[in-house]
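Asker: Take a look at data_31.cif, mmCIF, N, CA and C atoms:
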```cif
data_work
#
loop_
_atom_site.label_atom_id
_atom_site.label_comp_id
_atom_site.auth_asym_id
_atom_site.auth_seq_id
_atom_site.Cartn_x
_atom_site.Cartn_y
_atom_site.Cartn_z
N MET A 30 103.30 98.92 114.99
CA MET A 30 103.42 97.65 114.31
C MET A 30 102.13 96.85 114.39
N LYS A 31 101.46 96.92 115.53
CA LYS A 31 100.24 96.14 115.71
C LYS A 31 99.15 96.56 114.72
N GLY A 32 99.02 97.84 114.46
CA GLY A 32 98.02 98.31 113.51
C GLY A 32 98.28 97.82 112.11
N ILE A 33 99.55 97.72 111.74
CA ILE A 33 99.92 97.26 110.40
C ILE A 33 99.51 95.79 110.23
N VAL A 34 99.75 94.99 111.24
CA VAL A 34 99.39 93.57 111.18
C VAL A 34 97.87 93.41 111.06
N GLU A 35 97.13 94.20 111.79
CA GLU A 35 95.67 94.14 111.72
C GLU A 35 95.16 94.56 110.35
N GLU A 36 95.75 95.62 109.79
CA GLU A 36 95.36 96.06 108.45
C GLU A 36 95.66 94.98 107.42
N ARG A 37 96.82 94.34 107.57
CA ARG A 37 97.21 93.27 106.64
C ARG A 37 96.22 92.12 106.72
N ALA A 38 95.81 91.76 107.92
CA ALA A 38 94.86 90.66 108.10
C ALA A 38 93.54 90.97 107.39
N VAL A 39 93.06 92.19 107.52
CA VAL A 39 91.81 92.59 106.87
C VAL A 39 92.00 92.60 105.35
N THR A 40 93.14 93.12 104.88
CA THR A 40 93.41 93.15 103.44
C THR A 40 93.46 91.75 102.85
N LEU A 41 94.17 90.85 103.52
CA LEU A 41 94.27 89.47 103.04
C LEU A 41 92.91 88.78 103.08
N GLY A 42 92.16 88.99 104.16
CA GLY A 42 90.84 88.40 104.28
C GLY A 42 89.89 88.88 103.20
N THR A 43 89.92 90.17 102.93
CA THR A 43 89.07 90.75 101.89
C THR A 43 89.44 90.16 100.53
N HIS A 44 90.73 90.04 100.27
CA HIS A 44 91.19 89.49 99.00
C HIS A 44 90.70 88.05 98.82
N ILE A 45 90.87 87.22 99.84
CA ILE A 45 90.45 85.82 99.75
C ILE A 45 88.94 85.72 99.58
N ALA A 46 88.19 86.52 100.33
CA ALA A 46 86.73 86.47 100.25
C ALA A 46 86.23 86.89 98.87
N GLU A 47 86.87 87.90 98.28
CA GLU A 47 86.42 88.41 96.98
C GLU A 47 86.88 87.55 95.81
N SER A 48 88.11 87.05 95.88
CA SER A 48 88.69 86.35 94.74
C SER A 48 88.54 84.83 94.81
N GLY A 49 88.42 84.29 96.04
CA GLY A 49 88.37 82.84 96.19
C GLY A 49 89.74 82.20 96.08
N ASP A 50 90.80 83.01 96.12
CA ASP A 50 92.16 82.49 96.02
C ASP A 50 92.50 81.59 97.21
N THR A 51 93.46 80.71 96.98
CA THR A 51 93.96 79.86 98.04
C THR A 51 94.95 80.66 98.89
N VAL A 52 95.33 80.09 100.02
CA VAL A 52 96.34 80.71 100.87
C VAL A 52 97.65 80.86 100.09
N ARG A 53 98.02 79.83 99.34
CA ARG A 53 99.26 79.86 98.56
C ARG A 53 99.23 80.96 97.50
N GLU A 54 98.12 81.09 96.79
CA GLU A 54 98.00 82.13 95.76
C GLU A 54 98.04 83.52 96.38
N THR A 55 97.38 83.68 97.52
CA THR A 55 97.37 84.96 98.22
C THR A 55 98.77 85.33 98.70
N ALA A 56 99.46 84.35 99.26
CA ALA A 56 100.83 84.60 99.75
C ALA A 56 101.74 85.04 98.60
N LYS A 57 101.60 84.38 97.47
CA LYS A 57 102.42 84.73 96.31
C LYS A 57 102.11 86.14 95.82
N LYS A 58 100.82 86.48 95.78
CA LYS A 58 100.42 87.80 95.29
C LYS A 58 100.95 88.92 96.18
N TYR A 59 100.92 88.72 97.51
CA TYR A 59 101.34 89.75 98.44
C TYR A 59 102.80 89.64 98.87
N GLY A 60 103.49 88.61 98.41
CA GLY A 60 104.92 88.47 98.70
C GLY A 60 105.22 88.16 100.16
N ILE A 61 104.34 87.37 100.78
CA ILE A 61 104.57 86.95 102.16
C ILE A 61 104.42 85.43 102.24
N SER A 62 104.74 84.86 103.39
CA SER A 62 104.70 83.41 103.51
C SER A 62 103.27 82.91 103.69
N LYS A 63 103.10 81.62 103.35
CA LYS A 63 101.80 80.99 103.52
C LYS A 63 101.42 80.97 105.00
N SER A 64 102.42 80.77 105.85
CA SER A 64 102.16 80.73 107.30
C SER A 64 101.60 82.06 107.79
N THR A 65 102.15 83.14 107.28
CA THR A 65 101.68 84.47 107.68
C THR A 65 100.25 84.69 107.23
N VAL A 66 99.95 84.33 106.00
CA VAL A 66 98.59 84.48 105.48
C VAL A 66 97.62 83.65 106.33
N HIS A 67 97.99 82.41 106.57
CA HIS A 67 97.11 81.54 107.34
C HIS A 67 96.89 82.07 108.75
N LYS A 68 97.95 82.52 109.41
CA LYS A 68 97.84 83.07 110.76
C LYS A 68 96.94 84.31 110.75
N ASP A 69 97.15 85.18 109.78
CA ASP A 69 96.36 86.41 109.70
C ASP A 69 94.87 86.12 109.50
N VAL A 70 94.54 85.24 108.55
CA VAL A 70 93.13 85.04 108.22
C VAL A 70 92.42 84.04 109.13
N SER A 71 93.16 83.25 109.88
CA SER A 71 92.49 82.29 110.75
C SER A 71 92.45 82.75 112.21
N SER A 72 93.53 83.32 112.71
CA SER A 72 93.57 83.73 114.12
C SER A 72 93.27 85.22 114.30
N ARG A 73 94.05 86.04 113.65
CA ARG A 73 93.94 87.48 113.86
C ARG A 73 92.62 88.04 113.36
N LEU A 74 92.21 87.59 112.18
CA LEU A 74 90.98 88.13 111.57
C LEU A 74 89.75 87.80 112.41
N LYS A 75 89.77 86.66 113.07
CA LYS A 75 88.64 86.26 113.91
C LYS A 75 88.38 87.27 115.01
N LYS A 76 89.44 87.87 115.55
CA LYS A 76 89.32 88.86 116.62
C LYS A 76 89.01 90.25 116.07
N ILE A 77 89.55 90.57 114.90
CA ILE A 77 89.44 91.91 114.33
C ILE A 77 88.09 92.12 113.64
N ASN A 78 87.70 91.15 112.78
CA ASN A 78 86.50 91.30 111.96
C ASN A 78 85.80 89.94 111.83
N PRO A 79 84.99 89.56 112.80
CA PRO A 79 84.36 88.23 112.79
C PRO A 79 83.52 87.93 111.56
N SER A 80 82.83 88.92 111.02
CA SER A 80 82.00 88.65 109.84
C SER A 80 82.86 88.34 108.61
N LEU A 81 83.95 89.06 108.43
CA LEU A 81 84.87 88.78 107.32
C LEU A 81 85.53 87.43 107.54
N TYR A 82 85.86 87.12 108.78
CA TYR A 82 86.45 85.82 109.10
C TYR A 82 85.53 84.69 108.67
N THR A 83 84.23 84.83 108.88
CA THR A 83 83.26 83.81 108.50
C THR A 83 83.26 83.60 106.99
N GLU A 84 83.32 84.69 106.22
CA GLU A 84 83.37 84.59 104.76
C GLU A 84 84.64 83.89 104.30
N VAL A 85 85.76 84.28 104.90
CA VAL A 85 87.05 83.70 104.53
C VAL A 85 87.07 82.21 104.88
N LYS A 86 86.51 81.87 106.01
CA LYS A 86 86.49 80.48 106.45
C LYS A 86 85.75 79.61 105.43
N LYS A 87 84.65 80.12 104.88
CA LYS A 87 83.89 79.38 103.87
C LYS A 87 84.74 79.12 102.63
N VAL A 88 85.45 80.15 102.18
CA VAL A 88 86.31 80.01 101.00
C VAL A 88 87.42 79.01 101.27
N LEU A 89 88.04 79.09 102.44
CA LEU A 89 89.13 78.17 102.77
C LEU A 89 88.64 76.73 102.87
N GLU A 90 87.43 76.54 103.35
CA GLU A 90 86.87 75.18 103.42
C GLU A 90 86.64 74.62 102.01
N ILE A 91 86.15 75.46 101.11
CA ILE A 91 85.96 75.03 99.71
C ILE A 91 87.31 74.66 99.11
N ASN A 92 88.30 75.52 99.32
CA ASN A 92 89.64 75.26 98.80
C ASN A 92 90.21 73.96 99.36
N LYS A 93 89.95 73.71 100.63
CA LYS A 93 90.44 72.50 101.26
C LYS A 93 89.78 71.25 100.65
N CYS A 94 88.51 71.35 100.36
CA CYS A 94 87.80 70.23 99.74
C CYS A 94 88.26 69.97 98.31
N GLU A 95 88.73 71.00 97.63
CA GLU A 95 89.13 70.87 96.23
C GLU A 95 90.62 70.63 96.03
N ARG A 96 91.40 70.65 97.09
CA ARG A 96 92.86 70.59 96.92
C ARG A 96 93.33 69.28 96.31
N HIS A 97 92.65 68.17 96.57
CA HIS A 97 93.08 66.91 95.97
C HIS A 97 92.88 66.93 94.45
N ILE A 98 91.87 67.67 94.00
CA ILE A 98 91.63 67.79 92.56
C ILE A 98 92.75 68.62 91.92
N ARG A 99 93.10 69.75 92.56
CA ARG A 99 94.18 70.58 92.03
C ARG A 99 95.50 69.82 92.02
N GLY A 100 95.74 69.00 93.04
CA GLY A 100 96.96 68.20 93.10
C GLY A 100 97.00 67.17 91.98
N GLY A 101 95.87 66.54 91.72
CA GLY A 101 95.80 65.57 90.64
C GLY A 101 96.01 66.20 89.28
N MET A 102 95.44 67.38 89.09
CA MET A 102 95.63 68.10 87.82
C MET A 102 97.09 68.51 87.64
N ALA A 103 97.73 68.94 88.71
CA ALA A 103 99.14 69.33 88.63
C ALA A 103 100.01 68.13 88.24
N THR A 104 99.71 66.98 88.82
CA THR A 104 100.47 65.76 88.49
C THR A 104 100.23 65.37 87.04
N LYS A 105 98.99 65.43 86.60
CA LYS A 105 98.66 65.11 85.21
C LYS A 105 99.40 66.02 84.25
N ASN A 106 99.38 67.32 84.52
CA ASN A 106 100.06 68.28 83.66
C ASN A 106 101.57 68.07 83.66
N LYS A 107 102.12 67.69 84.79
CA LYS A 107 103.56 67.43 84.89
C LYS A 107 103.97 66.31 83.94
N TYR A 108 103.22 65.21 83.98
CA TYR A 108 103.57 64.08 83.14
C TYR A 108 103.25 64.30 81.67
N LEU A 109 102.24 65.09 81.37
CA LEU A 109 101.99 65.46 79.97
C LEU A 109 103.14 66.28 79.43
N LEU A 110 103.63 67.21 80.22
CA LEU A 110 104.77 68.04 79.81
C LEU A 110 106.01 67.19 79.61
N LEU A 111 106.26 66.26 80.52
CA LEU A 111 107.43 65.37 80.38
C LEU A 111 107.32 64.53 79.12
N ARG A 112 106.11 64.05 78.80
CA ARG A 112 105.91 63.25 77.59
C ARG A 112 106.15 64.09 76.35
N GLN A 113 105.67 65.33 76.35
CA GLN A 113 105.88 66.21 75.20
C GLN A 113 107.36 66.52 75.01
N GLN A 114 108.07 66.75 76.09
CA GLN A 114 109.50 67.04 76.00
C GLN A 114 110.26 65.82 75.46
N LYS A 115 109.86 64.65 75.88
CA LYS A 115 110.51 63.43 75.43
C LYS A 115 110.28 63.23 73.93
N GLN A 116 109.04 63.50 73.47
CA GLN A 116 108.71 63.35 72.06
C GLN A 116 109.48 64.34 71.18
N HIS A 117 109.68 65.54 71.69
CA HIS A 117 110.40 66.58 70.94
C HIS A 117 111.89 66.26 70.84
N SER A 118 112.42 65.57 71.83
CA SER A 118 113.85 65.29 71.83
C SER A 118 114.18 64.07 70.98
N GLU A 119 113.18 63.28 70.63
CA GLU A 119 113.44 62.06 69.81
C GLU A 119 113.53 62.36 68.36
#
```
The structure in this file should be written as structure tokens.
Answerer:
Amino acid sequence: MKGIVEERAVTLGTHIAESGDTVRETAKKYGISKSTVHKDVSSRLKKINPSLYTEVKKVLEINKCERHIRGGMATKNKYLLLRQQKQHSE
């Protein structure tokens, strides 16, 4: 079981480093929880593959800095959709 967890951590770390995906996007793609992805790439990966961990950490920091922008865009899109639905129903 331990080897499988280590392989998963490296796989998830490689995916995030190459694609720039967020923890949430990675979790969705691999069908696991955000908590598992975060634990794998922040704690386990640091011990298994420090150089990959450094790359992943950079991507996660960028994602963290941009999350307020993604949140604002999601809110904007939500209300645009609600307005369009309201106009179609009138």
Asker: Here's the selection I'm unsure about, the PyMOL selection byres (((chain A and resi 84 and name CA) around 12) and name CA); applied to the file above, which residues does it give, as a count of residues only?
Answerer: 26
Asker: Excluding Glu35 (chain A) and residues on its chain fewer than 6 positions from it, collect all residues at most 9 Å away from it, counting only C-alpha atoms, and give them as a ChimeraX atom specification.
Answerer: /A:69,73-74,77
Asker: Record the distance separating atom C of Lys76 (chain A) and atom N of Val34 (chain A), expressed in Å with one decimal.
Answerer: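 Those two atoms sit 12.7 Å apart.
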Asker: Find the distance between atom N of Thr40 (chain A) and atom N of Val52 (chain A) and write it in Å to one decimal.
Answerer: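 Spanning atom N of Thr40 (chain A) to atom N of Val52 (chain A) is a straight-line distance of 14.1 Å.
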Asker: Enter the distance from CA of Ser72 (chain A) to atom C of Glu95 (chain A), in Å, rounded to one decimal.
Answerer: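 Atom-to-atom, CA of Ser72 (chain A) to atom C of Glu95 (chain A), that is 22.5 Å.
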Asker: Got a sec to resolve the PyMOL selection byres (((chain A and resi 66 and name CA) around 8) and name CA) on this structure and send the residues as number ranges by chain?
Answerer: A: 38, 41, 52, 55-56, 61-65, 67-70
Asker: Okay, now the selection with N, CA and C atoms, as an mmCIF file, in the coordinates of the input?
Answerer:
```
data_model
loop_
_atom_site.group_PDB
_atom_site.id
_atom_site.type_symbol
_atom_site.label_atom_id
_atom_site.label_comp_id
_atom_site.auth_asym_id
_atom_site.auth_seq_id
_atom_site.Cartn_x
_atom_site.Cartn_y
_atom_site.Cartn_z
ATOM 1 N N ALA A 38 95.810 91.760 107.920
ATOM 2 C CA ALA A 38 94.860 90.660 108.100
ATOM 3 C C ALA A 38 93.540 90.970 107.390
ATOM 4 N N LEU A 41 94.170 90.850 103.520
ATOM 5 C CA LEU A 41 94.270 89.470 103.040
ATOM 6 C C LEU A 41 92.910 88.780 103.080
ATOM 7 N N VAL A 52 95.330 80.090 100.020
ATOM 8 C CA VAL A 52 96.340 80.710 100.870
ATOM 9 C C VAL A 52 97.650 80.860 100.090
ATOM 10 N N THR A 55 97.380 83.680 97.520
ATOM 11 C CA THR A 55 97.370 84.960 98.220
ATOM 12 C C THR A 55 98.770 85.330 98.700
ATOM 13 N N ALA A 56 99.460 84.350 99.260
ATOM 14 C CA ALA A 56 100.830 84.600 99.750
ATOM 15 C C ALA A 56 101.740 85.040 98.600
ATOM 16 N N ILE A 61 104.340 87.370 100.780
ATOM 17 C CA ILE A 61 104.570 86.950 102.160
ATOM 18 C C ILE A 61 104.420 85.430 102.240
ATOM 19 N N SER A 62 104.740 84.860 103.390
ATOM 20 C CA SER A 62 104.700 83.410 103.510
ATOM 21 C C SER A 62 103.270 82.910 103.690
ATOM 22 N N LYS A 63 103.100 81.620 103.350
ATOM 23 C CA LYS A 63 101.800 80.990 103.520
ATOM 24 C C LYS A 63 101.420 80.970 105.000
ATOM 25 N N SER A 64 102.420 80.770 105.850
ATOM 26 C CA SER A 64 102.160 80.730 107.300
ATOM 27 C C SER A 64 101.600 82.060 107.790
ATOM 28 N N THR A 65 102.150 83.140 107.280
ATOM 29 C CA THR A 65 101.680 84.470 107.680
ATOM 30 C C THR A 65 100.250 84.690 107.230
ATOM 31 N N HIS A 67 97.990 82.410 106.570
ATOM 32 C CA HIS A 67 97.110 81.540 107.340
ATOM 33 C C HIS A 67 96.890 82.070 108.750
ATOM 34 N N LYS A 68 97.950 82.520 109.410
ATOM 35 C CA LYS A 68 97.840 83.070 110.760
ATOM 36 C C LYS A 68 96.940 84.310 110.750
ATOM 37 N N ASP A 69 97.150 85.180 109.780
ATOM 38 C CA ASP A 69 96.360 86.410 109.700
ATOM 39 C C ASP A 69 94.870 86.120 109.500
ATOM 40 N N VAL A 70 94.540 85.240 108.550
ATOM 41 C CA VAL A 70 93.130 85.040 108.220
ATOM 42 C C VAL A 70 92.420 84.040 109.130
#
```
Asker: Can region 42-53 of chain A be brought up to all heavy atoms and written out as a tab-separated table (two decimals), in the frame of the given file?
Answerer:
```tsv
chain	number	residue	atom	x	y	z
A	42	GLY	N	92.16	88.99	104.16
A	42	GLY	CA	90.84	88.40	104.28
A	42	GLY	C	89.89	88.88	103.20
A	42	GLY	O	89.15	88.09	102.60
A	43	THR	N	89.92	90.17	102.93
A	43	THR	CA	89.07	90.75	101.89
A	43	THR	C	89.44	90.16	100.53
A	43	THR	O	88.56	89.79	99.74
A	43	THR	CB	89.22	92.28	101.86
A	43	THR	OG1	88.89	92.79	103.14
A	43	THR	CG2	88.33	92.90	100.81
A	44	HIS	N	90.73	90.04	100.27
A	44	HIS	CA	91.19	89.49	99.00
A	44	HIS	C	90.70	88.05	98.82
A	44	HIS	O	90.16	87.69	97.76
A	44	HIS	CB	92.72	89.53	98.91
A	44	HIS	CG	93.26	88.82	97.71
A	44	HIS	ND1	93.19	89.36	96.44
A	44	HIS	CD2	93.82	87.61	97.57
A	44	HIS	CE1	93.70	88.49	95.58
A	44	HIS	NE2	94.10	87.42	96.25
A	45	ILE	N	90.87	87.22	99.84
A	45	ILE	CA	90.45	85.82	99.75
A	45	ILE	C	88.94	85.72	99.58
A	45	ILE	O	88.45	84.94	98.76
A	45	ILE	CB	90.93	85.03	100.98
A	45	ILE	CG1	92.46	84.88	100.92
A	45	ILE	CG2	90.26	83.66	101.05
A	45	ILE	CD1	93.07	84.26	102.17
A	46	ALA	N	88.19	86.52	100.33
A	46	ALA	CA	86.73	86.47	100.25
A	46	ALA	C	86.23	86.89	98.87
A	46	ALA	O	85.29	86.30	98.33
A	46	ALA	CB	86.11	87.36	101.33
A	47	GLU	N	86.87	87.90	98.28
A	47	GLU	CA	86.42	88.41	96.98
A	47	GLU	C	86.88	87.55	95.81
A	47	GLU	O	86.15	87.35	94.85
A	47	GLU	CB	86.90	89.85	96.78
A	47	GLU	CG	86.21	90.84	97.68
A	47	GLU	CD	86.77	92.25	97.56
A	47	GLU	OE1	87.78	92.45	96.84
A	47	GLU	OE2	86.20	93.15	98.19
A	48	SER	N	88.11	87.05	95.88
A	48	SER	CA	88.69	86.35	94.74
A	48	SER	C	88.54	84.83	94.81
A	48	SER	O	88.59	84.15	93.79
A	48	SER	CB	90.17	86.68	94.61
A	48	SER	OG	90.89	86.13	95.71
A	49	GLY	N	88.42	84.29	96.04
A	49	GLY	CA	88.37	82.84	96.19
A	49	GLY	C	89.74	82.20	96.08
A	49	GLY	O	89.86	80.98	95.95
A	50	ASP	N	90.80	83.01	96.12
A	50	ASP	CA	92.16	82.49	96.02
A	50	ASP	C	92.50	81.59	97.21
A	50	ASP	O	91.95	81.73	98.29
A	50	ASP	CB	93.18	83.63	95.98
A	50	ASP	CG	93.31	84.26	94.61
A	50	ASP	OD1	92.68	83.76	93.65
A	50	ASP	OD2	94.04	85.26	94.49
A	51	THR	N	93.46	80.71	96.98
A	51	THR	CA	93.96	79.86	98.04
A	51	THR	C	94.95	80.66	98.89
A	51	THR	O	95.38	81.75	98.51
A	51	THR	CB	94.69	78.63	97.48
A	51	THR	OG1	95.83	79.08	96.72
A	51	THR	CG2	93.77	77.80	96.60
A	52	VAL	N	95.33	80.09	100.02
A	52	VAL	CA	96.34	80.71	100.87
A	52	VAL	C	97.65	80.86	100.09
A	52	VAL	O	98.31	81.90	100.14
A	52	VAL	CB	96.55	79.89	102.17
A	52	VAL	CG1	97.77	80.37	102.94
A	52	VAL	CG2	95.31	79.96	103.04
A	53	ARG	N	98.02	79.83	99.34
A	53	ARG	CA	99.26	79.86	98.56
A	53	ARG	C	99.23	80.96	97.50
A	53	ARG	O	100.20	81.70	97.34
A	53	ARG	CB	99.47	78.50	97.90
A	53	ARG	CG	100.78	78.36	97.17
A	53	ARG	CD	100.89	76.98	96.56
A	53	ARG	NE	100.89	75.96	97.57
A	53	ARG	CZ	101.92	75.16	97.84
A	53	ARG	NH1	103.02	75.27	97.14
A	53	ARG	NH2	101.83	74.25	98.77
```
